[in-house]
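**Q** This is the structure, below, for whatever I ask next.
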Amino acid sequence: MNRTPVYRLYGSELSYFTGKVRAYLRWAGLPFDEVLSDAEVYRQVIVPGVGAAVIPVLSTPAGELLQDSTDIIDTLDARHAGRDGVPSVYPAGPLQKLASLMLETYGDEWLVIPAMHYRWHHNREWAIAQFGALNAPRASPEEQRQIGARRAAPFAAAAELLGATPPLHAAVEASYEALLQELDTHLARHPALLGGAATMGDFGLIGPLYAHLWRDPAAGELMRRRAPHVARWVEQLQFRPAELRGPLLPDDAIPDTLEPVLRRMAREQLPVLVDSAHRVRRWMGENPGQPLPRTLGQQPFTLEGCTGERIVRPYSLWMLQRVRDHLTSLDEADHQRAAAWLCALGAEQLLDFPDPPRLARDRLSVKPVH
Ligand SMILES: N[C@@H](CCC(=O)N[C@@H](CS)C(=O)NCC(=O)O)C(=O)O
């Protein structure tokens, strides 16, 4: 294979979804270079190229600019997996693939709550300084602080909008610390989520667990102290990913130790997705054919027995559509096996999910497919 960089990743060490795509590119062994998304790059490449100020963005040898970590990984997986020793992010086994897609949705669309909480409520000054330094690398420290505060403001506000309001802080931390414990127990026995190899679910979890929860100082200290096996997995997936290219568990098995994590997803996130689906269906009925706004009002959610409010994100349903597409594509025997497994996890809501009309991605939100 030609080893000169053919892909270019625009993004930042601070960014959740850049960490996901970077880990994938390294794991897949695809040659790429990375360009920091400073103010100039946003102005000259990202905003004109993708129509929104968002990272990560990947440019391809054919001159395409891809955005959205899932689309990027799916595009590269379709082009490269199975050639030149590049593995696929998708397990061949139907149950393992289902678990992998569920965990991607959980990492991308739910663990944003603890990630943003720890960054903006425990590492705020540090994060502002980093935002400034990365956005304006040549500015003075004072200018960087001002630029950082301005650039960081929407992200800092997002922590509360996503649900980490002051009354929920203790619940967010209790839920995250319990998750760390569950993952630590699992990763003490297995190199990755489904055995010896990373799959899409690992790339979903590495988003929050690298940039925010491993790399930010206070959260990183918590992870290294409380969950050393999780820290080891983060470091392998981000820096030594060849170590996570072994075999998956045989016979489409899901490790027992992963079940508490999947149960947590079913308990915390799935009811929110069901509620979102009802709201999105209603909105689509009232606004036929229209692209959906990025957020659609507020909805209640429950963490560790505490109820809060968060913004409704139609985009999450596009992620879930991927899980539903996989489930509905299964033949009868596999579907029955998946149904029994989902019921045992308390995830039966995935089986009779109130699917909205079919959705396509539309920059940072979604639109109906015509
Ligand atoms: N779902 C998208 C989300 C990308 C995203 O949220 N990127 C963040 C940085 S990690 C960003 O640039 N956000 C700007 C914004 O949300 O307006 C993906 O998978 O790429």
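Residues are referred to by chain and number: the chain letter is A, B, ... according to the order shown in the structure tokens, the number counts from 1 in that chain, and ligands are numbered separately from 1 in the order shown.
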From a DSSP calculation on the backbone, collect every residue of range 130-332 of chain A in alpha helix (DSSP H) and output the set as a VMD selection string.

**A** chain A and resid 130 to 135 141 to 161 169 to 189 200 to 207 217 to 226 228 to 239 259 to 268 270 to 286 314 to 329 332

**Q** Do you know which residues are within 9 Å of ligand 1 using only C-alpha atoms and all ligand atoms? Can you write them as a PyMOL selection string?

**A** chain A and resi 11-12+14-21+52-57+67-72+108-109+154-155+158+207+211+315-316+319+363-365

**Q** For Leu317 in chain A, work out the shell of residues within 12 Å, counting only C-alpha atoms and skipping chain neighbours fewer than 3 positions away, then give it as a PyMOL selection string.

**A** chain A and resi 105-106+108-109+269-270+272-281+292+294-295+312-314+320-325+350+353-361+365-368

**Q** My list of candidates is A:Asp202, A:Asp256, A:Asp362, A:Asp251. Which is closest to Trp318 in chain A when distances are computed with only C-alpha atoms?

**A** A:Asp362

**Q** Would you please work out which residue, of A:Glu286, A:Glu235, A:Glu182, A:Asp84, is nearest to Arg215 in chain A when using only C-alpha atoms?

**A** A:Glu235

**Q** Using backbone DSSP assignments, extract all strand (DSSP E) residues from range 76-247 of chain A; output them as a ChimeraX atom specification.

**A** /A:195-197,245-247

**Q** So which residues touch range 142-149 of chain A within 10 Å, counting only C-alpha atoms, skipping near sequence neighbours fewer than 2 positions away, as a VMD selection string?

**A** chain A and resid 124 to 140 151 to 154 156

**Q** Can you write out the residues you just picked, keeping C-alpha atoms, as a PDB file, in the first residue's frame?

**A**
```
ATOM      1  CA  ARG A 124     -13.305  24.755  32.957  1.00  0.00           C
ATOM      2  CA  GLU A 125     -10.304  27.112  33.176  1.00  0.00           C
ATOM      3  CA  TRP A 126      -7.988  24.504  31.731  1.00  0.00           C
ATOM      4  CA  ALA A 127     -10.391  23.848  28.853  1.00  0.00           C
ATOM      5  CA  ILE A 128     -10.773  27.560  28.088  1.00  0.00           C
ATOM      6  CA  ALA A 129      -6.987  27.966  27.931  1.00  0.00           C
ATOM      7  CA  GLN A 130      -6.777  24.953  25.605  1.00  0.00           C
ATOM      8  CA  PHE A 131      -9.549  26.251  23.348  1.00  0.00           C
ATOM      9  CA  GLY A 132      -7.662  29.560  23.065  1.00  0.00           C
ATOM     10  CA  ALA A 133      -4.286  27.957  22.417  1.00  0.00           C
ATOM     11  CA  LEU A 134      -5.675  25.653  19.747  1.00  0.00           C
ATOM     12  CA  ASN A 135      -7.842  28.257  18.042  1.00  0.00           C
ATOM     13  CA  ALA A 136      -5.175  30.959  17.939  1.00  0.00           C
ATOM     14  CA  PRO A 137      -1.806  29.216  18.370  1.00  0.00           C
ATOM     15  CA  ARG A 138       0.191  32.405  17.714  1.00  0.00           C
ATOM     16  CA  ALA A 139      -1.778  34.787  19.991  1.00  0.00           C
ATOM     17  CA  SER A 140      -0.524  35.928  23.421  1.00  0.00           C
ATOM     18  CA  ARG A 151     -15.019  29.865  21.444  1.00  0.00           C
ATOM     19  CA  ALA A 152     -15.761  27.686  24.469  1.00  0.00           C
ATOM     20  CA  ALA A 153     -18.988  29.454  25.475  1.00  0.00           C
ATOM     21  CA  PRO A 154     -21.396  27.372  23.344  1.00  0.00           C
ATOM     22  CA  ALA A 156     -19.785  25.094  28.087  1.00  0.00           C
TER      23      ALA A 156
END
```

**Q** Excluding Pro228 in chain A and its own-chain neighbours fewer than 3 positions away, which residues fall within 10 Å of it when counting only C-alpha atoms? Please give them as a VMD selection string.

**A** chain A and resid 180 to 181 184 to 185 187 to 188 222 to 225 231 to 234

**Q** Can you measure CA of Leu342 in chain A to CA of Ala174 in chain A for me? One decimal in Å is fine.

**A**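 That distance, rounded to one decimal, is 24.8 Å.
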
**Q** So which residues touch Ala23 in chain A within 7 Å, counting only C-alpha atoms, skipping near sequence neighbours fewer than 4 positions away, as a PDB file with C-alpha atoms, in the first residue's frame?

**A**
```pdb
ATOM      1  CA  GLY A  19     -10.655  11.294  18.829  1.00  0.00           C
ATOM      2  CA  TRP A  27      -6.399   1.170  14.010  1.00  0.00           C
ATOM      3  CA  LEU A 237      -7.095   2.409  21.136  1.00  0.00           C
ATOM      4  CA  GLN A 238      -5.720   5.923  20.724  1.00  0.00           C
TER       5      GLN A 238
END
```

**Q** So that I can check the surroundings of Pro5 in chain A, please list as a list in words every protein, DNA and RNA residue that reaches within 10 Å of it, counting only C-alpha atoms and ignoring chain neighbours fewer than 5 positions away.

**A** Leu30, Pro31, Phe32, Asp33, Glu34, Thr60 and Pro61 of chain A

**Q** Include N, CA, C and O atoms and write out the residues we just selected as a compact mmCIF listing (two decimals), in the first residue's frame.

**A**
```txt
# COMPACT_ATOMS: atom_id res chain seq x y z
N LEU A 30 -4.69 3.23 8.03
CA LEU A 30 -4.83 4.04 6.81
C LEU A 30 -3.93 5.27 6.92
O LEU A 30 -3.95 5.97 7.92
N PRO A 31 -3.13 5.54 5.90
CA PRO A 31 -2.22 6.69 5.98
C PRO A 31 -2.99 8.02 5.98
O PRO A 31 -3.88 8.21 5.14
N PHE A 32 -2.66 8.86 6.94
CA PHE A 32 -3.34 10.16 7.01
C PHE A 32 -2.44 11.15 7.71
O PHE A 32 -1.49 10.77 8.39
N ASP A 33 -2.72 12.43 7.51
CA ASP A 33 -2.12 13.42 8.40
C ASP A 33 -3.23 14.22 9.04
O ASP A 33 -4.40 14.11 8.64
N GLU A 34 -2.85 14.94 10.09
CA GLU A 34 -3.87 15.66 10.85
C GLU A 34 -3.53 17.14 10.85
O GLU A 34 -2.38 17.52 11.08
N THR A 60 -10.51 13.35 1.32
CA THR A 60 -10.10 12.08 0.71
C THR A 60 -9.25 12.36 -0.52
O THR A 60 -9.27 13.48 -1.04
N PRO A 61 -8.53 11.34 -1.02
CA PRO A 61 -7.71 11.55 -2.21
C PRO A 61 -8.55 11.99 -3.41
O PRO A 61 -8.06 12.68 -4.29
```

**Q** Find, counting only C-alpha atoms, the residue in A:Ile73, A:Val6, A:Val47, A:Leu95 that gets nearest to Ala333 in chain A.

**A** A:Leu95
